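Encoded as structure tokens, the structure appears first; notes follow it.
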Amino acid sequence: MSAVASSARFTSRVFARKTAGGTSRAKASKQVVKASVEFYGPNRAKWLGPFSDGAVPSYLKGEYPGDYGWDTAGLSADPETFARYREIELIHSRWALLGALGILTPELLQRNGVVDFGDDSFVWFKAGAAIFNEDGLNYLGNPSLIHAQSIVAVLLTQIVLLGAAEAYRVQGEGPVETSGDTLYPGGFFDPLGLGDDPDTLAELKVKEIKNGRLAQVSVFGFFVQALVTGKSPLQNLEDHLADPWNNNGFALATKFVPGAN
């Protein structure tokens with residue numbers, strides 16, 4: 001009798017776990033579908049929110065990720081031009097995401113004592129000049145990782161590797177398995193299988209383009225900061241937090257006003 005009771009209790013626990021698991025998967029599925037409805041189609045979020053009626057061009061139908069119905073200048077009215085701009089924006093977004101990470105990471109490592117670069121090459125706009133040092137350019141300050149001493153060799157390597165990768169991307173085929181999509185190749189480039197589910201992929205596309213747009217603005221901000229202050233992003237942030245009233249964009253902009261000292 002006790003064996004029967006134990007078996008019954010075990011069966012109940014298994015059933016409860018399966019039910020809970022099914023409920024969790026159902027909730028996750030609903031969240032993905034909700035996200036798809038929010039970012040795609042006629043009921044998607046738009047750039048003017050509830051005031052977007054009449055402000056969204058007819059050719060922006062919410063078919064693509066990141067379409068919030070904003071094209072005041074009509075740059076995407078032509079389908080071919082629209083497709084070209086989509087490709088340019090996405091590729092630039094990915095480069096900006098990598099660039100922002102590459103700009104901030106070395107400085108964070110240096111400031112936290114994780115890596116010692118030995119000089120100021122941890123500052124992003126000074127890193128390239130380190131290749132002209134007697135010891136060359138050491139990746140993350142470690143000569144055993146990448147020890148670059150010839151700018152010509154670095155340039156040729158970049159041209160070959162990046163040129164080949166871009167050629168394969170444009171053609172939609174190459175030495176590794178891909179989906180054939182020139183913008184979202186998947187396959188070899190998605191080892192974790194994050195895009196295997198179509199609904200999940202649709203949501204990830206939106207997240208990528210939104211973060212990519214933010215990264216482009218960030219990198220542009222880093223560039224302007226470097227020109228104006230001659231300092232790294234985190235140093236600018238530290239200066240601003242120490243004295244917000246005197247270290248900000250408006251205060252620095254007055255230095256370029258005619259007649260200002």
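For the structure tokens, the naming scheme is as follows: chains receive sequential letters (A, B, ...) according to their order of presentation, residues are indexed from 1 within each chain, and ligands are indexed from 1 in presentation order.
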For this session: Once DSSP has gone over the backbone, tell me which residues of segment 23-169 of chain A are in strand (DSSP E), as a list in words.
Result: Leu137, Asn138, His147 and Ala148 of chain A
Take the residues from that selection and put them in a file with N, CA and C atoms, as a PDB file, in the first residue's frame.
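Produced file selection.pdb, reproduced below:
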ATOM      1  N   LEU A 137      52.571  47.602 -30.792  1.00  0.00           N
ATOM      2  CA  LEU A 137      51.252  47.635 -30.162  1.00  0.00           C
ATOM      3  C   LEU A 137      50.943  46.261 -29.583  1.00  0.00           C
ATOM      4  N   ASN A 138      50.757  46.220 -28.278  1.00  0.00           N
ATOM      5  CA  ASN A 138      50.445  44.968 -27.592  1.00  0.00           C
ATOM      6  C   ASN A 138      48.975  44.950 -27.203  1.00  0.00           C
ATOM      7  N   HIS A 147      51.044  41.126 -30.985  1.00  0.00           N
ATOM      8  CA  HIS A 147      52.211  42.016 -30.892  1.00  0.00           C
ATOM      9  C   HIS A 147      52.443  42.614 -32.276  1.00  0.00           C
ATOM     10  N   ALA A 148      51.723  43.712 -32.566  1.00  0.00           N
ATOM     11  CA  ALA A 148      51.780  44.324 -33.888  1.00  0.00           C
ATOM     12  C   ALA A 148      52.883  45.367 -33.942  1.00  0.00           C
TER      13      ALA A 148
END
Exercise. When DSSP works through the backbone of this structure, what residues of segment 6-205 of chain A end up as alpha helix (DSSP H), shown as an MDAnalysis selection string?
Worked result: chainID A and resid 6:39 79:111 124:127 151:171 198:205
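Near segment 100-112 of chain A, within a cut-off of 9 Å and counting only C-alpha atoms, sit the residues Trp95, Ala96, Leu97, Val115, Asp116, Phe117, Ser121, Phe122, Val123, Trp124, Phe125, Leu140, Ala215, Gln216, Ser218, Val219, Phe222, Ser232, Pro233 and Leu234 of chain A, with same-chain residues fewer than 3 positions away left out.
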Any chance you could export the current selection's N, CA and C atoms as a JSON list (two decimals), in the first residue's frame?
[["chain", "number", "residue", "atom", "x", "y", "z"],
["A", 95, "TRP", "N", 28.88, 47.64, -36.32],
["A", 95, "TRP", "CA", 30.22, 48.19, -36.12],
["A", 95, "TRP", "C", 30.24, 49.13, -34.92],
["A", 96, "ALA", "N", 29.18, 49.91, -34.76],
["A", 96, "ALA", "CA", 29.11, 50.84, -33.63],
["A", 96, "ALA", "C", 29.03, 50.09, -32.31],
["A", 97, "LEU", "N", 28.29, 49.00, -32.28],
["A", 97, "LEU", "CA", 28.21, 48.18, -31.06],
["A", 97, "LEU", "C", 29.59, 47.66, -30.68],
["A", 115, "VAL", "N", 44.34, 45.34, -16.12],
["A", 115, "VAL", "CA", 45.39, 45.31, -17.14],
["A", 115, "VAL", "C", 46.20, 46.60, -17.02],
["A", 116, "ASP", "N", 47.51, 46.48, -17.19],
["A", 116, "ASP", "CA", 48.39, 47.65, -17.19],
["A", 116, "ASP", "C", 48.96, 47.82, -18.59],
["A", 117, "PHE", "N", 48.50, 48.84, -19.28],
["A", 117, "PHE", "CA", 48.95, 49.08, -20.65],
["A", 117, "PHE", "C", 50.35, 49.70, -20.69],
["A", 121, "SER", "N", 47.89, 54.14, -24.13],
["A", 121, "SER", "CA", 47.27, 53.49, -25.28],
["A", 121, "SER", "C", 45.92, 52.87, -24.97],
["A", 122, "PHE", "N", 45.50, 52.90, -23.70],
["A", 122, "PHE", "CA", 44.16, 52.43, -23.36],
["A", 122, "PHE", "C", 43.09, 53.43, -23.78],
["A", 123, "VAL", "N", 43.52, 54.67, -24.08],
["A", 123, "VAL", "CA", 42.60, 55.68, -24.59],
["A", 123, "VAL", "C", 42.37, 55.40, -26.07],
["A", 124, "TRP", "N", 41.13, 55.30, -26.48],
["A", 124, "TRP", "CA", 40.82, 54.76, -27.81],
["A", 124, "TRP", "C", 41.46, 55.53, -28.95],
["A", 125, "PHE", "N", 41.54, 56.86, -28.87],
["A", 125, "PHE", "CA", 42.10, 57.62, -30.00],
["A", 125, "PHE", "C", 43.62, 57.71, -29.94],
["A", 140, "LEU", "N", 45.81, 44.57, -25.30],
["A", 140, "LEU", "CA", 45.55, 44.56, -23.86],
["A", 140, "LEU", "C", 46.84, 44.62, -23.05],
["A", 215, "ALA", "N", 24.16, 52.89, -30.08],
["A", 215, "ALA", "CA", 25.62, 52.78, -30.14],
["A", 215, "ALA", "C", 26.20, 53.77, -31.14],
["A", 216, "GLN", "N", 25.52, 53.99, -32.25],
["A", 216, "GLN", "CA", 26.00, 54.96, -33.24],
["A", 216, "GLN", "C", 26.03, 56.36, -32.65],
["A", 218, "SER", "N", 26.29, 57.02, -29.48],
["A", 218, "SER", "CA", 27.32, 57.00, -28.44],
["A", 218, "SER", "C", 28.72, 57.19, -29.03],
["A", 219, "VAL", "N", 29.02, 56.46, -30.09],
["A", 219, "VAL", "CA", 30.34, 56.57, -30.71],
["A", 219, "VAL", "C", 30.55, 57.97, -31.28],
["A", 222, "PHE", "N", 31.45, 60.04, -28.36],
["A", 222, "PHE", "CA", 32.85, 59.82, -27.97],
["A", 222, "PHE", "C", 33.79, 60.60, -28.89],
["A", 232, "SER", "N", 39.46, 60.90, -22.62],
["A", 232, "SER", "CA", 38.71, 59.67, -22.88],
["A", 232, "SER", "C", 37.29, 59.79, -22.34],
["A", 233, "PRO", "N", 36.37, 58.95, -22.78],
["A", 233, "PRO", "CA", 34.97, 59.03, -22.34],
["A", 233, "PRO", "C", 34.80, 58.92, -20.83],
["A", 234, "LEU", "N", 35.47, 57.96, -20.21],
["A", 234, "LEU", "CA", 35.30, 57.78, -18.77],
["A", 234, "LEU", "C", 35.95, 58.91, -17.98]]
Exercise. Which is closest to Arg86 of chain A among A:Thr182, A:Ser144, A:Asn133, A:Gln225, if we use only C-alpha atoms?
Worked result: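 Answer, going by the shortest atom-to-atom distance: A:Thr182.
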